file coords.cif (mmCIF, C-alpha atoms)
data_final
loop_
_atom_site.label_atom_id
_atom_site.label_comp_id
_atom_site.auth_asym_id
_atom_site.auth_seq_id
_atom_site.Cartn_x
_atom_site.Cartn_y
_atom_site.Cartn_z
CA MET A 1 -21.30 -20.95 -14.46
CA SER A 2 -21.50 -22.71 -11.09
CA LYS A 3 -19.83 -21.41 -7.94
CA GLU A 4 -17.42 -24.35 -8.11
CA GLN A 5 -16.43 -23.48 -11.68
CA ALA A 6 -16.04 -19.80 -10.75
CA ALA A 7 -13.82 -20.74 -7.82
CA ASP A 8 -11.60 -22.88 -10.10
CA LYS A 9 -11.30 -20.21 -12.78
CA PRO A 10 -7.81 -18.65 -12.83
CA LEU A 11 -7.71 -15.05 -11.68
CA ARG A 12 -6.98 -12.56 -14.43
CA TYR A 13 -3.91 -10.35 -14.18
CA GLY A 14 -4.20 -6.61 -14.78
CA TYR A 15 -1.68 -3.95 -15.76
CA THR A 16 -0.04 -1.23 -13.70
CA THR A 17 -0.37 2.49 -14.31
CA GLY A 18 3.28 2.39 -15.39
CA SER A 19 2.55 -0.13 -18.15
CA CYS A 20 -0.47 1.89 -19.30
CA ALA A 21 1.57 5.10 -19.40
CA THR A 22 4.31 3.36 -21.41
CA ALA A 23 1.82 1.98 -23.93
CA ALA A 24 0.10 5.35 -24.30
CA THR A 25 3.48 7.01 -24.87
CA LYS A 26 4.38 4.51 -27.58
CA ALA A 27 1.05 5.05 -29.35
CA ALA A 28 1.37 8.84 -29.13
CA LEU A 29 4.97 8.91 -30.34
CA LEU A 30 4.26 6.61 -33.29
CA SER A 31 1.25 8.75 -34.22
CA LEU A 32 3.44 11.87 -34.06
CA ILE A 33 6.23 10.40 -36.18
CA LEU A 34 4.09 8.66 -38.78
CA GLN A 35 1.20 11.15 -38.75
CA GLU A 36 -1.34 8.37 -38.52
CA PRO A 37 -3.32 7.06 -35.53
CA HIS A 38 -2.09 4.07 -33.55
CA TYR A 39 -4.86 2.46 -31.53
CA ARG A 40 -3.06 -0.77 -30.63
CA VAL A 41 0.54 -1.17 -29.46
CA ASP A 42 2.67 -3.86 -27.85
CA ILE A 43 5.19 -3.16 -25.11
CA ARG A 44 7.70 -5.25 -23.21
CA LEU A 45 6.98 -5.54 -19.49
CA PRO A 46 9.69 -5.55 -16.78
CA ILE A 47 9.00 -9.26 -16.19
CA GLY A 48 10.12 -9.94 -19.78
CA GLU A 49 6.71 -10.57 -21.32
CA GLU A 50 5.01 -8.76 -24.19
CA ALA A 51 1.61 -7.13 -23.62
CA SER A 52 -0.85 -5.55 -26.03
CA PHE A 53 -2.78 -2.36 -25.22
CA VAL A 54 -5.75 -0.78 -26.96
CA MET A 55 -6.03 3.01 -26.97
CA SER A 56 -9.39 4.61 -26.25
CA GLU A 57 -8.26 7.89 -27.80
CA CYS A 58 -5.58 9.09 -30.20
CA HIS A 59 -5.03 12.62 -31.56
CA TYR A 60 -2.11 14.14 -33.46
CA ASP A 61 -0.83 17.02 -35.54
CA GLU A 62 2.65 17.94 -36.72
CA ALA A 63 3.75 19.34 -33.35
CA GLU A 64 2.30 16.92 -30.81
CA ALA A 65 0.23 13.78 -30.32
CA ALA A 66 -1.74 12.27 -27.45
CA ALA A 67 -3.05 8.79 -26.77
CA GLY A 68 -4.82 7.24 -23.80
CA THR A 69 -5.71 3.78 -22.56
CA ILE A 70 -8.11 2.63 -19.85
CA LYS A 71 -6.35 0.91 -16.94
CA ASP A 72 -7.51 -2.64 -16.38
CA GLY A 73 -6.76 -3.93 -12.88
CA GLY A 74 -7.75 -7.49 -13.76
CA ASP A 75 -9.43 -9.44 -10.98
CA ASP A 76 -7.77 -7.30 -8.31
CA PRO A 77 -9.15 -3.85 -9.15
CA ASP A 78 -7.81 -0.93 -7.13
CA ALA A 79 -8.65 2.76 -6.99
CA THR A 80 -7.12 3.36 -10.44
CA HIS A 81 -9.08 0.59 -12.20
CA GLY A 82 -10.95 2.12 -15.12
CA ALA A 83 -8.93 5.36 -15.12
CA LEU A 84 -7.78 6.92 -18.38
CA ILE A 85 -3.97 7.01 -18.53
CA ARG A 86 -2.94 9.53 -21.17
CA SER A 87 0.42 10.47 -22.67
CA LYS A 88 1.08 13.61 -24.70
CA VAL A 89 4.29 13.73 -26.74
CA SER A 90 5.61 16.92 -28.37
CA TRP A 91 8.77 17.83 -30.24
CA LEU A 92 11.55 19.79 -28.56
CA SER A 93 14.11 22.00 -30.24
CA GLU A 94 16.99 20.24 -28.46
CA PRO A 95 17.88 16.51 -28.31
CA GLY A 96 16.85 14.46 -25.29
CA ILE A 97 13.73 13.15 -23.59
CA GLU A 98 11.87 15.11 -20.94
CA LEU A 99 9.28 13.32 -18.80
CA ASP A 100 6.81 15.04 -16.48
CA GLY A 101 3.37 14.63 -15.01
CA GLY A 102 0.33 16.66 -15.93
CA GLU A 103 -3.29 16.73 -14.75
CA GLY A 104 -4.10 14.06 -12.18
CA VAL A 105 -0.52 12.89 -11.60
CA GLY A 106 0.71 13.73 -8.12
CA ARG A 107 3.84 15.65 -7.21
CA VAL A 108 6.19 14.60 -4.41
CA THR A 109 6.46 17.03 -1.49
CA LYS A 110 8.09 14.87 1.21
CA PRO A 111 11.39 12.95 1.31
CA GLY A 112 11.54 9.19 1.76
CA LEU A 113 9.97 8.18 -1.54
CA PRO A 114 11.87 6.72 -4.53
CA VAL A 115 11.15 9.98 -6.40
CA ASP A 116 12.85 13.24 -5.45
CA VAL A 117 10.86 16.07 -3.90
CA GLY A 118 9.40 18.36 -6.53
CA LEU A 119 9.15 15.75 -9.27
CA ALA A 120 6.03 14.11 -10.67
CA ALA A 121 5.18 10.88 -8.85
CA ILE A 122 6.35 8.59 -11.64
CA ASN A 123 8.29 5.81 -9.93
CA PRO A 124 11.71 4.65 -11.17
CA VAL A 125 10.65 1.51 -13.05
CA PRO A 126 7.78 3.17 -14.98
CA ARG A 127 10.03 6.18 -15.64
CA ARG A 128 12.66 3.89 -17.13
CA MET A 129 10.04 1.95 -19.13
CA ILE A 130 8.60 5.11 -20.66
CA ILE A 131 11.96 6.68 -21.56
CA GLU A 132 13.53 3.48 -22.92
CA THR A 133 10.45 2.71 -25.03
CA ALA A 134 10.42 6.23 -26.45
CA GLN A 135 14.16 6.16 -27.16
CA ALA A 136 13.86 2.81 -28.96
CA ILE A 137 11.20 4.27 -31.27
CA LEU A 138 13.29 7.36 -32.01
CA ASP A 139 16.26 5.13 -32.81
CA GLU A 140 14.14 2.87 -35.01
CA TYR A 141 13.05 5.79 -37.17
CA GLY A 142 16.47 7.43 -37.32
CA LEU A 143 15.44 10.30 -35.07
CA GLU A 144 18.14 9.94 -32.42
CA SER A 145 18.97 13.63 -32.62
CA ARG A 146 15.39 14.79 -32.08
CA GLY A 147 14.13 15.78 -28.63
CA ILE A 148 10.69 15.07 -27.20
CA ARG A 149 8.68 16.03 -24.15
CA ILE A 150 6.40 13.39 -22.61
CA GLU A 151 3.60 14.40 -20.25
CA ILE A 152 1.61 11.72 -18.46
CA SER A 153 -1.83 12.73 -17.21
CA VAL A 154 -4.80 11.03 -15.56
CA PRO A 155 -8.08 12.94 -15.89
CA GLY A 156 -9.83 12.77 -12.52
CA GLY A 157 -6.61 11.56 -10.87
CA GLU A 158 -6.79 14.10 -8.06
CA GLU A 159 -10.15 12.67 -6.97
CA ILE A 160 -8.95 9.07 -7.36
CA ALA A 161 -5.94 9.86 -5.15
CA LYS A 162 -8.26 10.55 -2.21
CA LYS A 163 -8.84 6.78 -2.06
CA THR A 164 -5.11 6.10 -1.77
CA LEU A 165 -2.32 6.85 0.73
CA ASN A 166 -0.84 9.56 -1.51
CA GLY A 167 -1.96 12.52 0.61
CA ARG A 168 -0.37 11.08 3.73
CA LEU A 169 2.80 10.24 1.83
CA GLY A 170 3.08 13.83 0.65
CA ILE A 171 2.10 13.15 -2.96
CA ILE A 172 -0.17 16.06 -3.82
CA GLY A 173 -2.51 16.63 -6.75
CA GLY A 174 -3.10 13.15 -8.10
CA ILE A 175 -2.15 9.50 -8.28
CA SER A 176 1.26 7.91 -8.68
CA ILE A 177 2.46 6.11 -11.81
CA LEU A 178 3.58 2.81 -10.32
CA GLY A 179 4.62 -0.75 -11.04
CA THR A 180 7.80 -2.78 -10.72
CA ARG A 181 6.65 -5.85 -12.68
CA GLY A 182 4.23 -4.26 -15.12
CA ILE A 183 1.34 -6.47 -14.08
CA VAL A 184 -1.07 -6.47 -11.15
CA VAL A 185 -1.15 -9.86 -9.45
CA PRO A 186 -4.70 -10.63 -8.23
CA PHE A 187 -5.19 -10.52 -4.49
CA SER A 188 -1.46 -10.28 -3.89
CA THR A 189 -0.28 -9.12 -0.48
CA SER A 190 2.93 -7.74 -1.94
CA ALA A 191 1.38 -4.44 -3.01
CA TYR A 192 -0.08 -3.79 0.44
CA LYS A 193 3.18 -4.67 2.16
CA ALA A 194 5.01 -2.34 -0.21
CA SER A 195 2.66 0.50 0.69
CA VAL A 196 3.21 -0.16 4.42
CA ALA A 197 6.99 -0.16 3.95
CA GLN A 198 6.83 3.05 1.93
CA ALA A 199 4.64 4.78 4.53
CA ILE A 200 7.08 3.87 7.31
CA ARG A 201 10.06 5.12 5.29
CA VAL A 202 8.30 8.41 4.56
CA ALA A 203 7.50 8.85 8.26
CA ALA A 204 11.11 8.20 9.23
CA ALA A 205 12.47 10.47 6.50
CA GLY A 206 10.14 13.18 7.77
CA GLY A 207 11.72 12.99 11.22
CA CYS A 208 9.13 10.83 13.01
CA THR A 209 10.71 9.08 15.97
CA HIS A 210 7.36 7.64 17.10
CA ILE A 211 5.19 5.61 14.68
CA VAL A 212 1.66 4.44 15.43
CA LEU A 213 0.78 1.19 13.65
CA SER A 214 -2.90 0.27 13.45
CA THR A 215 -4.68 -2.79 12.13
CA GLY A 216 -7.39 -0.74 10.40
CA GLY A 217 -9.20 2.55 10.04
CA ARG A 218 -11.14 2.41 13.32
CA SER A 219 -8.09 1.55 15.40
CA GLU A 220 -6.14 4.28 13.61
CA LYS A 221 -8.72 6.83 14.78
CA THR A 222 -8.07 5.65 18.33
CA GLY A 223 -4.34 6.16 17.83
CA ILE A 224 -4.87 9.66 16.44
CA ALA A 225 -7.04 10.54 19.45
CA LEU A 226 -4.29 9.32 21.81
CA TYR A 227 -1.52 11.18 19.99
CA PRO A 228 -3.08 14.28 18.39
CA ASP A 229 0.25 16.11 18.27
CA LEU A 230 1.95 13.57 16.02
CA PRO A 231 2.16 14.45 12.32
CA GLU A 232 -0.19 12.67 9.92
CA GLU A 233 2.54 10.52 8.40
CA ALA A 234 3.32 9.00 11.81
CA PHE A 235 0.10 6.95 11.57
CA VAL A 236 0.42 3.85 9.40
CA GLU A 237 -2.24 1.21 8.72
CA MET A 238 -0.31 -2.05 8.81
CA GLY A 239 -3.36 -4.30 8.33
CA ASP A 240 -2.56 -7.90 9.21
CA PHE A 241 1.19 -7.54 8.67
CA ILE A 242 2.29 -6.82 12.24
CA GLY A 243 5.64 -8.61 12.11
CA PHE A 244 6.54 -7.06 8.77
CA ALA A 245 5.61 -3.55 9.93
CA LEU A 246 7.62 -3.95 13.13
CA GLN A 247 10.67 -5.11 11.19
CA MET A 248 10.36 -2.12 8.85
CA CYS A 249 10.23 0.25 11.84
CA LYS A 250 13.30 -1.39 13.36
CA ARG A 251 15.23 -0.81 10.12
CA GLN A 252 14.71 2.95 10.36
CA PRO A 253 17.38 4.37 12.70
CA GLU A 254 15.18 7.41 13.39
CA VAL A 255 12.34 5.36 14.90
CA GLN A 256 12.58 4.96 18.67
CA LYS A 257 9.00 4.11 19.69
CA VAL A 258 6.22 2.10 18.07
CA THR A 259 2.63 2.09 19.29
CA LEU A 260 0.44 -0.81 18.17
CA VAL A 261 -3.31 -0.14 18.16
CA GLY A 262 -5.84 -2.89 17.54
CA MET A 263 -8.75 -4.94 18.79
CA MET A 264 -9.28 -8.25 20.52
CA GLY A 265 -9.40 -10.53 17.47
CA LYS A 266 -6.02 -9.69 15.97
CA PHE A 267 -4.20 -8.78 19.19
CA SER A 268 -5.26 -12.04 20.85
CA LYS A 269 -3.15 -13.70 18.17
CA LEU A 270 -0.29 -11.22 18.52
CA ALA A 271 -0.18 -11.91 22.26
CA GLN A 272 0.58 -15.54 21.37
CA GLY A 273 3.37 -14.53 18.99
CA VAL A 274 1.43 -14.70 15.70
CA MET A 275 2.85 -11.92 13.54
CA MET A 276 0.57 -12.28 10.51
CA VAL A 277 -2.92 -11.98 11.97
CA HIS A 278 -5.21 -12.55 8.97
CA SER A 279 -8.33 -14.50 9.89
CA LYS A 280 -7.02 -17.50 7.94
CA SER A 281 -3.45 -17.35 9.21
CA ALA A 282 -4.04 -18.84 12.64
CA PRO A 283 -7.05 -19.48 14.89
CA VAL A 284 -7.56 -17.68 18.19
CA ASP A 285 -6.25 -19.88 21.01
CA PHE A 286 -9.04 -19.77 23.58
CA GLY A 287 -6.97 -21.89 25.95
CA PHE A 288 -4.39 -19.10 25.94
CA LEU A 289 -7.09 -16.51 26.64
CA ALA A 290 -8.51 -18.68 29.43
CA GLY A 291 -5.07 -18.76 31.02
CA ALA A 292 -4.88 -14.97 30.83
CA ALA A 293 -8.31 -14.71 32.43
CA ARG A 294 -7.21 -16.97 35.28
CA ASP A 295 -4.01 -14.92 35.76
CA ALA A 296 -6.20 -11.80 35.91
CA GLY A 297 -8.18 -13.29 38.81
CA ALA A 298 -11.35 -14.24 36.94
CA PRO A 299 -13.61 -16.79 38.73
CA GLU A 300 -13.22 -20.34 37.49
CA GLU A 301 -16.66 -20.36 35.82
CA GLU A 302 -15.60 -17.29 33.82
CA VAL A 303 -12.34 -18.96 32.88
CA GLU A 304 -14.39 -21.82 31.51
CA PHE A 305 -16.62 -19.35 29.65
CA VAL A 306 -13.52 -17.95 27.95
CA ARG A 307 -12.29 -21.42 27.05
CA THR A 308 -15.55 -22.22 25.23
CA ALA A 309 -16.20 -18.77 23.70
CA ASN A 310 -16.90 -18.32 20.00
CA THR A 311 -14.83 -15.21 19.34
CA ALA A 312 -12.10 -13.16 20.97
CA ALA A 313 -14.42 -10.14 20.88
CA GLN A 314 -16.93 -12.08 22.97
CA VAL A 315 -14.19 -12.73 25.53
CA GLY A 316 -13.25 -9.06 25.61
CA ASP A 317 -16.85 -8.00 26.10
CA ARG A 318 -17.24 -10.43 29.02
CA MET A 319 -14.04 -9.33 30.76
CA ALA A 320 -14.98 -5.67 30.33
CA GLU A 321 -18.47 -6.34 31.66
CA LEU A 322 -16.98 -7.99 34.76
CA GLY A 323 -14.52 -5.13 35.23
CA ILE A 324 -11.48 -7.43 35.03
CA SER A 325 -9.21 -4.79 33.48
CA SER A 326 -6.01 -6.64 34.36
CA PHE A 327 -6.96 -9.23 31.71
CA PHE A 328 -6.39 -6.62 29.02
CA ASP A 329 -3.15 -5.43 30.59
CA ILE A 330 -1.89 -9.02 30.53
CA LEU A 331 -2.69 -9.29 26.82
CA CYS A 332 -1.09 -5.91 26.07
CA GLU A 333 2.06 -6.81 27.94
CA SER A 334 2.29 -10.08 26.06
CA CYS A 335 1.85 -8.22 22.75
CA CYS A 336 4.70 -5.89 23.69
CA ARG A 337 7.03 -8.73 24.67
CA GLN A 338 6.25 -10.77 21.55
CA SER A 339 6.86 -7.68 19.41
CA LEU A 340 10.18 -6.96 21.09
CA GLN A 341 11.19 -10.58 20.55
CA GLN A 342 10.27 -10.20 16.87
CA VAL A 343 12.60 -7.20 16.39
CA LYS A 344 15.21 -8.38 18.90
CA GLY A 345 14.77 -5.33 21.10
CA GLY A 346 16.01 -1.83 20.45
CA LEU A 347 12.59 -0.14 20.41
CA GLU A 348 10.07 1.13 22.90
CA ILE A 349 6.87 -0.81 22.19
CA GLU A 350 3.42 0.25 23.33
CA THR A 351 0.26 -1.81 22.82
CA VAL A 352 -3.19 -0.22 22.92
CA LEU A 353 -6.20 -2.53 22.93
CA CYS A 354 -9.50 -0.90 21.99
CA THR A 355 -13.10 -1.71 21.15
CA LEU A 356 -14.88 -1.21 17.86
CA LYS A 357 -16.16 2.12 19.24
CA GLY A 358 -12.66 3.28 20.14
CA GLU A 359 -12.97 2.70 23.90
CA LEU A 360 -9.70 1.76 25.59
CA LEU A 361 -9.51 -1.72 27.10
CA GLY A 362 -5.82 -1.89 27.93
CA ARG A 363 -2.59 0.00 27.42
CA VAL A 364 0.97 -1.13 28.27
CA CYS A 365 4.36 0.20 27.20
CA ILE A 366 7.69 -1.62 27.53
CA ASP A 367 11.03 0.05 26.78
CA GLY A 368 13.11 -2.49 24.92
CA THR A 369 16.03 -0.11 24.40
CA THR A 370 17.41 -0.58 27.91
CA GLY A 371 18.24 -4.26 27.54
#

call {"tool": "encode", "arguments": {"input": "coords.cif", "output": "structure tokens"}}
result
Amino acid sequence: MSKEQAADKPLRYGYTTGSCATAATKAALLSLILQEPHYRVDIRLPIGEEASFVMSECHYDEAEAAAGTIKDGGDDPDATHGALIRSKVSWLSEPGIELDGGEGVGRVTKPGLPVDVGLAAINPVPRRMIIETAQAILDEYGLESRGIRIEISVPGGEEIAKKTLNGRLGIIGGISILGTRGIVVPFSTSAYKASVAQAIRVAAAGGCTHIVLSTGGRSEKTGIALYPDLPEEAFVEMGDFIGFALQMCKRQPEVQKVTLVGMMGKFSKLAQGVMMVHSKSAPVDFGFLAGAARDAGAPEEEVEFVRTANTAAQVGDRMAELGISSFFDILCESCCRQSLQQVKGGLEIETVLCTLKGELLGRVCIDGTTG
């Protein structure tokens, strides 16, 4: 296949951990009721479509049954791609359906999540999918009065969770069972934005009045070094979604101050009012940077150098080399003002501009709560 053909090929959807857990539950419950293995089942997804799942394991006796399927993330694989999602179903002496998490499924320890503290990290939509699917099977076989216990587990889930935000969100011991649509949309930004929103809500619910938003892991380390006394959940990687993260902070009444930490490339765009700073979202305006260099007192030949530079990082290196620190303060101030305009005031906004090595280039704070 040529590169052109590969580029034109539609991206393949995957399935969420919630869909996998639902399918495994259906296979296990059918195996328990009928006392025969079920290696393929169909379930209805929240988006209204039917999906077929193949089980990689299925075991049963008269008291309980277990089935597991391998999660397929499609063409947008995440940390849980390839994980075994297992469901064990056992009879109870009383009517009703109990649902809990076992090995490798995290447990919630902090408020602010859609799952109550103390419960297994099985989000509301997957929880509803699993219970409704199980109830429909019980009804179909005339077993409405029977009770069952469902336990979802993910062998190796505790190790997988280290690659996710779960630890910071207060989800301990494993991954979360997630999914609102049932499918994983390839290269979608919605999942990342949802994780940013959730992290900010958890921070606010935990009493954080000051949140540090970073564009990536290196800039986050700079923020942690600047504010070592802040709790872990106060630090949120917003990625390219600066405007979205700011709006989420503004919606939390507890949040009073936001610190933005980033580098020249993305913050050069923010200083111009670009709130989604992906490399493809908008080019760096070198004319804007040249104007900032002139305002900072740079010689005219250096202003011209900035105007014709290849990257914003190159501009930052040159200004730092010349010792023109006011250039960075001008950019930081502009970032603060653009951010305050984005949220219509009401927050104290600080911008910290740093290098790849974590060295500070500029730092400005503007209190937008005073009008």

call {"tool": "resolve_selection", "arguments": {"input": "coords.cif", "expression": "the PyMOL selection byres ((chain A and resi 100) around 8)", "output": "list of chain:residue names"}}
result
A:Glu98, A:Leu99, A:Gly101, A:Gly102, A:Leu119, A:Ala120, A:Arg149, A:Ile150, A:Glu151, A:Ile152

call {"tool": "atom_distance", "arguments": {"input": "coords.cif", "atom1": "atom CA of Val343 of chain A", "atom2": "atom CA of Ser214 of chain A"}}
result
17.5 Å

call {"tool": "resolve_selection", "arguments": {"input": "coords.cif", "expression": "the PyMOL selection byres ((chain A and resi 57) around 6)", "output": "list in words"}}
result
Met55, Ser56, Cys58, Ala67 and Gly68 of chain A

call {"tool": "resolve_selection", "arguments": {"input": "coords.cif", "expression": "the PyMOL selection byres ((chain A and resi 165-178) around 8)", "output": "JSON, numbers by chain"}}
result
{"A": [16, 17, 18, 21, 103, 104, 105, 106, 107, 108, 109, 110, 121, 122, 123, 125, 126, 154, 157, 158, 159, 160, 161, 162, 163, 164, 179, 180, 199, 202, 232, 233]}

call {"tool": "write_last_selection", "arguments": {"input": "coords.cif", "atoms": "C-alpha atoms", "output": "PDB file, in the coordinates of the input"}}
result
ATOM      1  CA  THR A  16      -0.040  -1.230 -13.700  1.00  0.00           C
ATOM      2  CA  THR A  17      -0.370   2.490 -14.310  1.00  0.00           C
ATOM      3  CA  GLY A  18       3.280   2.390 -15.390  1.00  0.00           C
ATOM      4  CA  ALA A  21       1.570   5.100 -19.400  1.00  0.00           C
ATOM      5  CA  GLU A 103      -3.290  16.730 -14.750  1.00  0.00           C
ATOM      6  CA  GLY A 104      -4.100  14.060 -12.180  1.00  0.00           C
ATOM      7  CA  VAL A 105      -0.520  12.890 -11.600  1.00  0.00           C
ATOM      8  CA  GLY A 106       0.710  13.730  -8.120  1.00  0.00           C
ATOM      9  CA  ARG A 107       3.840  15.650  -7.210  1.00  0.00           C
ATOM     10  CA  VAL A 108       6.190  14.600  -4.410  1.00  0.00           C
ATOM     11  CA  THR A 109       6.460  17.030  -1.490  1.00  0.00           C
ATOM     12  CA  LYS A 110       8.090  14.870   1.210  1.00  0.00           C
ATOM     13  CA  ALA A 121       5.180  10.880  -8.850  1.00  0.00           C
ATOM     14  CA  ILE A 122       6.350   8.590 -11.640  1.00  0.00           C
ATOM     15  CA  ASN A 123       8.290   5.810  -9.930  1.00  0.00           C
ATOM     16  CA  VAL A 125      10.650   1.510 -13.050  1.00  0.00           C
ATOM     17  CA  PRO A 126       7.780   3.170 -14.980  1.00  0.00           C
ATOM     18  CA  VAL A 154      -4.800  11.030 -15.560  1.00  0.00           C
ATOM     19  CA  GLY A 157      -6.610  11.560 -10.870  1.00  0.00           C
ATOM     20  CA  GLU A 158      -6.790  14.100  -8.060  1.00  0.00           C
ATOM     21  CA  GLU A 159     -10.150  12.670  -6.970  1.00  0.00           C
ATOM     22  CA  ILE A 160      -8.950   9.070  -7.360  1.00  0.00           C
ATOM     23  CA  ALA A 161      -5.940   9.860  -5.150  1.00  0.00           C
ATOM     24  CA  LYS A 162      -8.260  10.550  -2.210  1.00  0.00           C
ATOM     25  CA  LYS A 163      -8.840   6.780  -2.060  1.00  0.00           C
ATOM     26  CA  THR A 164      -5.110   6.100  -1.770  1.00  0.00           C
ATOM     27  CA  GLY A 179       4.620  -0.750 -11.040  1.00  0.00           C
ATOM     28  CA  THR A 180       7.800  -2.780 -10.720  1.00  0.00           C
ATOM     29  CA  ALA A 199       4.640   4.780   4.530  1.00  0.00           C
ATOM     30  CA  VAL A 202       8.300   8.410   4.560  1.00  0.00           C
ATOM     31  CA  GLU A 232      -0.190  12.670   9.920  1.00  0.00           C
ATOM     32  CA  GLU A 233       2.540  10.520   8.400  1.00  0.00           C
TER      33      GLU A 233
END

call {"tool": "closest_residue", "arguments": {"input": "coords.cif", "among": "A:Pro114, A:Gly82, A:Gly207, A:Gly96", "to": "Glu132 of chain A", "atoms": "all atoms listed in the file"}}
result
A:Gly96

call {"tool": "residues_around", "arguments": {"input": "coords.cif", "residues": "segment 309-324 of chain A", "least_positions_apart": "6", "cutoff": "9 Å", "atoms": "all atoms listed in the file", "output": "ChimeraX atom specification"}}
result
/A:263-266,268,284-286,289,293,296-298,302,355,361

call {"tool": "atom_distance", "arguments": {"input": "coords.cif", "atom1": "atom CA of Arg181 of chain A", "atom2": "atom CA of Ala234 of chain A"}}
result
28.8 Å

call {"tool": "residues_around", "arguments": {"input": "coords.cif", "residues": "Thr370 of chain A", "least_positions_apart": "2", "cutoff": "9 Å", "atoms": "only C-alpha atoms", "output": "ChimeraX atom specification"}}
result
/A:345-347,367-368

call {"tool": "residues_around", "arguments": {"input": "coords.cif", "residues": "Gly147 of chain A", "least_positions_apart": "6", "cutoff": "7 Å", "atoms": "all atoms listed in the file", "output": "PyMOL selection string"}}
result
chain A and resi 91-97

call {"tool": "atom_distance", "arguments": {"input": "coords.cif", "atom1": "atom CA of Thr308 of chain A", "atom2": "atom CA of Leu360 of chain A"}}
result
24.7 Å

call {"tool": "residues_around", "arguments": {"input": "coords.cif", "residues": "Val303 of chain A", "least_positions_apart": "6", "cutoff": "8 Å", "atoms": "only C-alpha atoms", "output": "short mmCIF file (atom, residue, chain, number, x, y, z; two decimals) with C-alpha atoms, in the coordinates of the input"}}
result
data_model
loop_
_atom_site.label_atom_id
_atom_site.label_comp_id
_atom_site.auth_asym_id
_atom_site.auth_seq_id
_atom_site.Cartn_x
_atom_site.Cartn_y
_atom_site.Cartn_z
CA ALA A 290 -8.51 -18.68 29.43
CA GLY A 291 -5.07 -18.76 31.02
CA ALA A 293 -8.31 -14.71 32.43
CA ARG A 294 -7.21 -16.97 35.28
#

call {"tool": "residues_near_point", "arguments": {"input": "coords.cif", "point": "(14.4, -4.9, 11.6)", "cutoff": "12 Å", "atoms": "all atoms listed in the file", "output": "VMD selection string"}}
result
chain A and resid 197 243 to 253 255 339 to 347

call {"tool": "residues_around", "arguments": {"input": "coords.cif", "residues": "Arg218 of chain A", "least_positions_apart": "6", "cutoff": "9 Å", "atoms": "all atoms listed in the file", "output": "PyMOL selection string"}}
result
chain A and resi 262+356-358

call {"tool": "write_last_selection", "arguments": {"input": "coords.cif", "atoms": "C-alpha atoms", "output": "compact mmCIF listing (two decimals), in the frame of the given file"}}
result
# COMPACT_ATOMS: atom_id res chain seq x y z
CA GLY A 262 -5.84 -2.89 17.54
CA LEU A 356 -14.88 -1.21 17.86
CA LYS A 357 -16.16 2.12 19.24
CA GLY A 358 -12.66 3.28 20.14

call {"tool": "closest_residue", "arguments": {"input": "coords.cif", "among": "A:Leu353, A:Gln256, A:Leu84, A:Ala136", "to": "Thr215 of chain A", "atoms": "all atoms listed in the file"}}
result
A:Leu353

call {"tool": "closest_residue", "arguments": {"input": "coords.cif", "among": "A:Val236, A:Ala205, A:Ile242, A:Leu230", "to": "Glu254 of chain A", "atoms": "only C-alpha atoms"}}
result
A:Ala205
